[in-house]
Amino acid sequence: MAVGTLVLLRHGESVWNAENLFTGWVDVALSEKGVGEAKRGGVLLRDAGLLPDVLHTSLLRRAIHTANLALDAADRHWIPVKRDWRLNERHYGALQGKNKKQTLAEFGEEQFQLWRRSYDTPPPVIERGSEFSQDADPRYAGLGDDLPLTECLLDVVKRILPYWDEEIVPDLRAGKTVLVAAHGNSLRALVKHLDGISDTDIAGLNIPTGIPLRYDLDDDLKPTNPGGTYLDPDAAADAIKAVANQGR
Ligand SMILES: O=C(O)[C@@H](CO)OP(=O)(O)O
């Protein structure tokens with residue numbers, strides 16, 4: 001059987017994206033603009049005839065709501081869903097809740113970019129019990145020592161690849177159109193793996209909110225359209241620049 005189609009969707013703009021705050025695992029809502037982006041993402045899916053058979057999401061409401069709104073717009077709100085913490089955004093450690101512009105001004109360009117985009121330098125750990133920590137959150141109660149207090153992209157790769165292999169690949173091998181609704185950095189980790197992007201080059205890759213990214217895969221699960229195909233390439237190009245320039 002031919003391998004199915006993969007569709008990656010970063011959640012629509014969140015209220016903390018709009019306020020330029022590091023978010024990570026903090027469970028913030030979509031902004032009004034983000035709700036509109038999510039619905040439009042669904043219209044793009046519908047118009048492209050790219051109708052998901054199964055949905056995978058993180059445990060965070062911005063991804064869950066984005067998927068619900070997009071699928072509703074595409075009349076696919078009824079498909080089965082799997083949710084897993086391993087699709088969560090990168091845990092941003094002690095930076096969670098901090099303003100990106102202020103952080104850039106306080107620590108300088110080099111440190112800011114290291115924390116934001118280096119492959120293997122995590123931000124400082126978040127203090128357990130502090131306002132934006134998830135250590136007492138019941139949805140992560142079963143994680144034990146796996147619960148992160150900070151993560152770099154390498155840590156995200158390590159947790160997302162087992163999920164890819166065990167949960168997403170079987171759906172693709174079954175010929176399904178698979179929608180993965182997740183986050184800027186968890187999707188960067190997945191794209192790094194799919195496209196074989198180096199640890200250095202991944203720093204320059206940004207993913208825009210709310211625009212479905214389609215991957216067609218061969219039998220070895222290698223993209224036949226390397227880099228994927230955004231369903232609205234012009235909007236994606238503009239939005240990618242905006243993500244890269246956050247903090248400025
Ligand atoms: O704050 C975050 O969690 C992420 C995604 O919004 O930000 P950045 O693009 O700076 O990694």
# chains A, B, ... in the order shown; residues from 1 in each chain; ligands from 1
call {"tool": "select_by_dssp", "arguments": {"residues": "segment 53-148 of chain A", "states": "alpha helix (DSSP H)", "output": "PyMOL selection string"}}
result
chain A and resi 61-73+100-107+109-117
call {"tool": "residues_around", "arguments": {"residues": "Arg159 of chain A", "least_positions_apart": "5", "cutoff": "9 Å", "atoms": "only C-alpha atoms", "output": "MDAnalysis selection string"}}
result
chainID A and resid 86:87 154
call {"tool": "residues_near_ligand", "arguments": {"ligand": "ligand 1", "cutoff": "8 Å", "atoms": "only C-alpha atoms and all ligand atoms", "output": "JSON list (two decimals) with N, CA and C atoms, in the first residue's frame"}}
result
[["chain", "number", "residue", "atom", "x", "y", "z"],
["A", 16, "TRP", "N", -0.06, 34.66, 23.81],
["A", 16, "TRP", "CA", 1.33, 34.96, 24.20],
["A", 16, "TRP", "C", 2.21, 35.19, 22.98],
["A", 17, "ASN", "N", 1.90, 34.58, 21.84],
["A", 17, "ASN", "CA", 2.62, 34.97, 20.60],
["A", 17, "ASN", "C", 2.38, 36.46, 20.37],
["A", 20, "ASN", "N", 4.36, 38.55, 22.53],
["A", 20, "ASN", "CA", 5.80, 38.32, 22.37],
["A", 20, "ASN", "C", 6.44, 37.72, 23.62],
["A", 21, "LEU", "N", 5.74, 36.75, 24.23],
["A", 21, "LEU", "CA", 6.27, 36.09, 25.43],
["A", 21, "LEU", "C", 6.72, 34.68, 25.09],
["A", 22, "PHE", "N", 7.83, 34.24, 25.69],
["A", 22, "PHE", "CA", 8.22, 32.83, 25.58],
["A", 22, "PHE", "C", 7.12, 31.98, 26.22],
["A", 23, "THR", "N", 6.69, 30.95, 25.51],
["A", 23, "THR", "CA", 5.50, 30.21, 25.94],
["A", 23, "THR", "C", 5.81, 28.79, 26.39],
["A", 24, "GLY", "N", 6.44, 28.00, 25.52],
["A", 24, "GLY", "CA", 6.77, 26.62, 25.89],
["A", 24, "GLY", "C", 5.55, 25.81, 26.30],
["A", 25, "TRP", "N", 5.59, 25.28, 27.53],
["A", 25, "TRP", "CA", 4.51, 24.39, 28.00],
["A", 25, "TRP", "C", 3.37, 25.14, 28.69],
["A", 89, "GLU", "N", 5.08, 21.74, 22.70],
["A", 89, "GLU", "CA", 6.14, 22.70, 22.38],
["A", 89, "GLU", "C", 7.38, 22.37, 23.21],
["A", 90, "ARG", "N", 8.53, 22.85, 22.74],
["A", 90, "ARG", "CA", 9.74, 22.74, 23.55],
["A", 90, "ARG", "C", 9.51, 23.42, 24.90],
["A", 91, "HIS", "N", 9.90, 22.77, 25.99],
["A", 91, "HIS", "CA", 9.82, 23.42, 27.30],
["A", 91, "HIS", "C", 10.87, 24.53, 27.33],
["A", 92, "TYR", "N", 10.42, 25.76, 27.62],
["A", 92, "TYR", "CA", 11.35, 26.89, 27.54],
["A", 92, "TYR", "C", 12.02, 27.22, 28.87],
["A", 96, "GLN", "N", 10.05, 30.78, 30.26],
["A", 96, "GLN", "CA", 8.58, 30.75, 30.10],
["A", 96, "GLN", "C", 7.96, 31.96, 30.81],
["A", 100, "LYS", "N", 10.17, 38.45, 24.97],
["A", 100, "LYS", "CA", 11.32, 38.18, 24.09],
["A", 100, "LYS", "C", 12.16, 39.43, 23.86],
["A", 116, "ARG", "N", 17.15, 30.52, 21.84],
["A", 116, "ARG", "CA", 15.99, 30.34, 20.94],
["A", 116, "ARG", "C", 16.23, 29.27, 19.89],
["A", 117, "ARG", "N", 17.43, 29.27, 19.28],
["A", 117, "ARG", "CA", 17.58, 28.46, 18.07],
["A", 117, "ARG", "C", 18.78, 27.52, 18.03],
["A", 183, "HIS", "N", 3.49, 22.50, 17.36],
["A", 183, "HIS", "CA", 4.07, 23.78, 17.77],
["A", 183, "HIS", "C", 5.32, 24.11, 16.96],
["A", 184, "GLY", "N", 5.71, 25.38, 17.04],
["A", 184, "GLY", "CA", 6.86, 25.84, 16.27],
["A", 184, "GLY", "C", 8.07, 24.93, 16.42],
["A", 185, "ASN", "N", 8.45, 24.65, 17.67],
["A", 185, "ASN", "CA", 9.70, 23.91, 17.86],
["A", 185, "ASN", "C", 9.51, 22.39, 17.82],
["A", 206, "ASN", "N", 12.20, 28.33, 10.39],
["A", 206, "ASN", "CA", 11.07, 28.76, 11.21],
["A", 206, "ASN", "C", 9.76, 28.32, 10.56],
["A", 243, "VAL", "N", 8.43, 35.36, 12.23],
["A", 243, "VAL", "CA", 8.86, 34.51, 13.36],
["A", 243, "VAL", "C", 10.34, 34.72, 13.61],
["A", 244, "ALA", "N", 11.12, 34.75, 12.51],
["A", 244, "ALA", "CA", 12.58, 34.90, 12.65],
["A", 244, "ALA", "C", 12.93, 36.20, 13.35],
["A", 246, "GLN", "N", 11.22, 37.86, 15.68],
["A", 246, "GLN", "CA", 10.65, 38.10, 17.01],
["A", 246, "GLN", "C", 11.74, 38.54, 17.98]]
call {"tool": "select_by_dssp", "arguments": {"residues": "segment 82-233 of chain A", "states": "strand (DSSP E or B)", "output": "PyMOL selection string"}}
result
chain A and resi 82-83+99+178-182+213-217+223+229-230
call {"tool": "write_last_selection", "arguments": {"atoms": "N, CA and C atoms", "output": "compact mmCIF listing (two decimals), in the first residue's frame"}}
result
# COMPACT_ATOMS: atom_id res chain seq x y z
N LYS A 82 -5.40 11.27 18.50
CA LYS A 82 -4.46 10.83 19.53
C LYS A 82 -3.73 12.06 20.05
N ARG A 83 -3.62 12.16 21.36
CA ARG A 83 -2.92 13.32 21.95
C ARG A 83 -1.76 12.82 22.79
N ASN A 99 9.27 38.20 28.38
CA ASN A 99 9.12 38.93 27.13
C ASN A 99 10.37 38.75 26.26
N VAL A 178 -2.56 12.05 7.45
CA VAL A 178 -2.33 12.25 8.89
C VAL A 178 -2.08 13.74 9.17
N LEU A 179 -2.92 14.32 10.02
CA LEU A 179 -2.71 15.71 10.44
C LEU A 179 -2.02 15.72 11.80
N VAL A 180 -0.89 16.43 11.87
CA VAL A 180 -0.18 16.62 13.14
C VAL A 180 -0.30 18.09 13.51
N ALA A 181 -1.08 18.38 14.55
CA ALA A 181 -1.26 19.77 15.00
C ALA A 181 -0.37 19.98 16.22
N ALA A 182 0.64 20.81 16.07
CA ALA A 182 1.61 20.94 17.15
C ALA A 182 2.18 22.37 17.17
N LEU A 213 1.28 22.44 6.13
CA LEU A 213 2.50 22.09 5.39
C LEU A 213 2.40 20.62 5.01
N ARG A 214 2.32 20.37 3.70
CA ARG A 214 2.09 19.00 3.21
C ARG A 214 3.40 18.30 2.89
N TYR A 215 3.54 17.05 3.32
CA TYR A 215 4.68 16.22 2.93
C TYR A 215 4.18 14.97 2.22
N ASP A 216 4.70 14.73 1.01
CA ASP A 216 4.46 13.46 0.31
C ASP A 216 5.69 12.60 0.55
N LEU A 217 5.47 11.35 0.90
CA LEU A 217 6.58 10.50 1.36
C LEU A 217 6.71 9.26 0.48
N PRO A 223 10.74 12.52 2.16
CA PRO A 223 9.86 13.41 1.40
C PRO A 223 10.20 13.39 -0.10
N THR A 229 5.39 21.32 1.27
CA THR A 229 4.70 22.31 0.44
C THR A 229 3.65 23.01 1.29
N TYR A 230 3.85 24.32 1.51
CA TYR A 230 2.83 25.09 2.23
C TYR A 230 1.61 25.28 1.33
call {"tool": "residues_around", "arguments": {"residues": "Ala74 of chain A", "least_positions_apart": "6", "cutoff": "12 Å", "atoms": "only C-alpha atoms", "output": "list in words"}}
result
Ala38, Lys39, Arg40, Gly41, Gly42, Val43, Leu44, Leu45, Arg46, Asp47, Ala48, Gly49, Leu50, Leu51, Pro52, Asp53, Ala67 and Asn68 of chain A
call {"tool": "closest_residue", "arguments": {"among": "A:Ala29, A:Leu149, A:Leu161, A:Leu8", "to": "Pro208 of chain A", "atoms": "only C-alpha atoms"}}
result
A:Leu8
call {"tool": "residues_around", "arguments": {"residues": "segment 105-113 of chain A", "least_positions_apart": "6", "cutoff": "10 Å", "atoms": "only C-alpha atoms", "output": "list in words"}}
result
Thr121, Pro123, Ala203, Gly247 and Arg248 of chain A
call {"tool": "closest_residue", "arguments": {"among": "A:Cys152, A:Ala63, A:Ala235, A:Leu205", "to": "Leu9 of chain A", "atoms": "only C-alpha atoms"}}
result
A:Ala63
call {"tool": "closest_residue", "arguments": {"among": "A:Glu37, A:Asp219, A:Pro148, A:Val3", "to": "Asp232 of chain A", "atoms": "only C-alpha atoms"}}
result
A:Glu37
call {"tool": "atom_distance", "arguments": {"atom1": "atom CA of Leu147 of chain A", "atom2": "atom CA of Arg10 of chain A"}}
result
22.6 Å
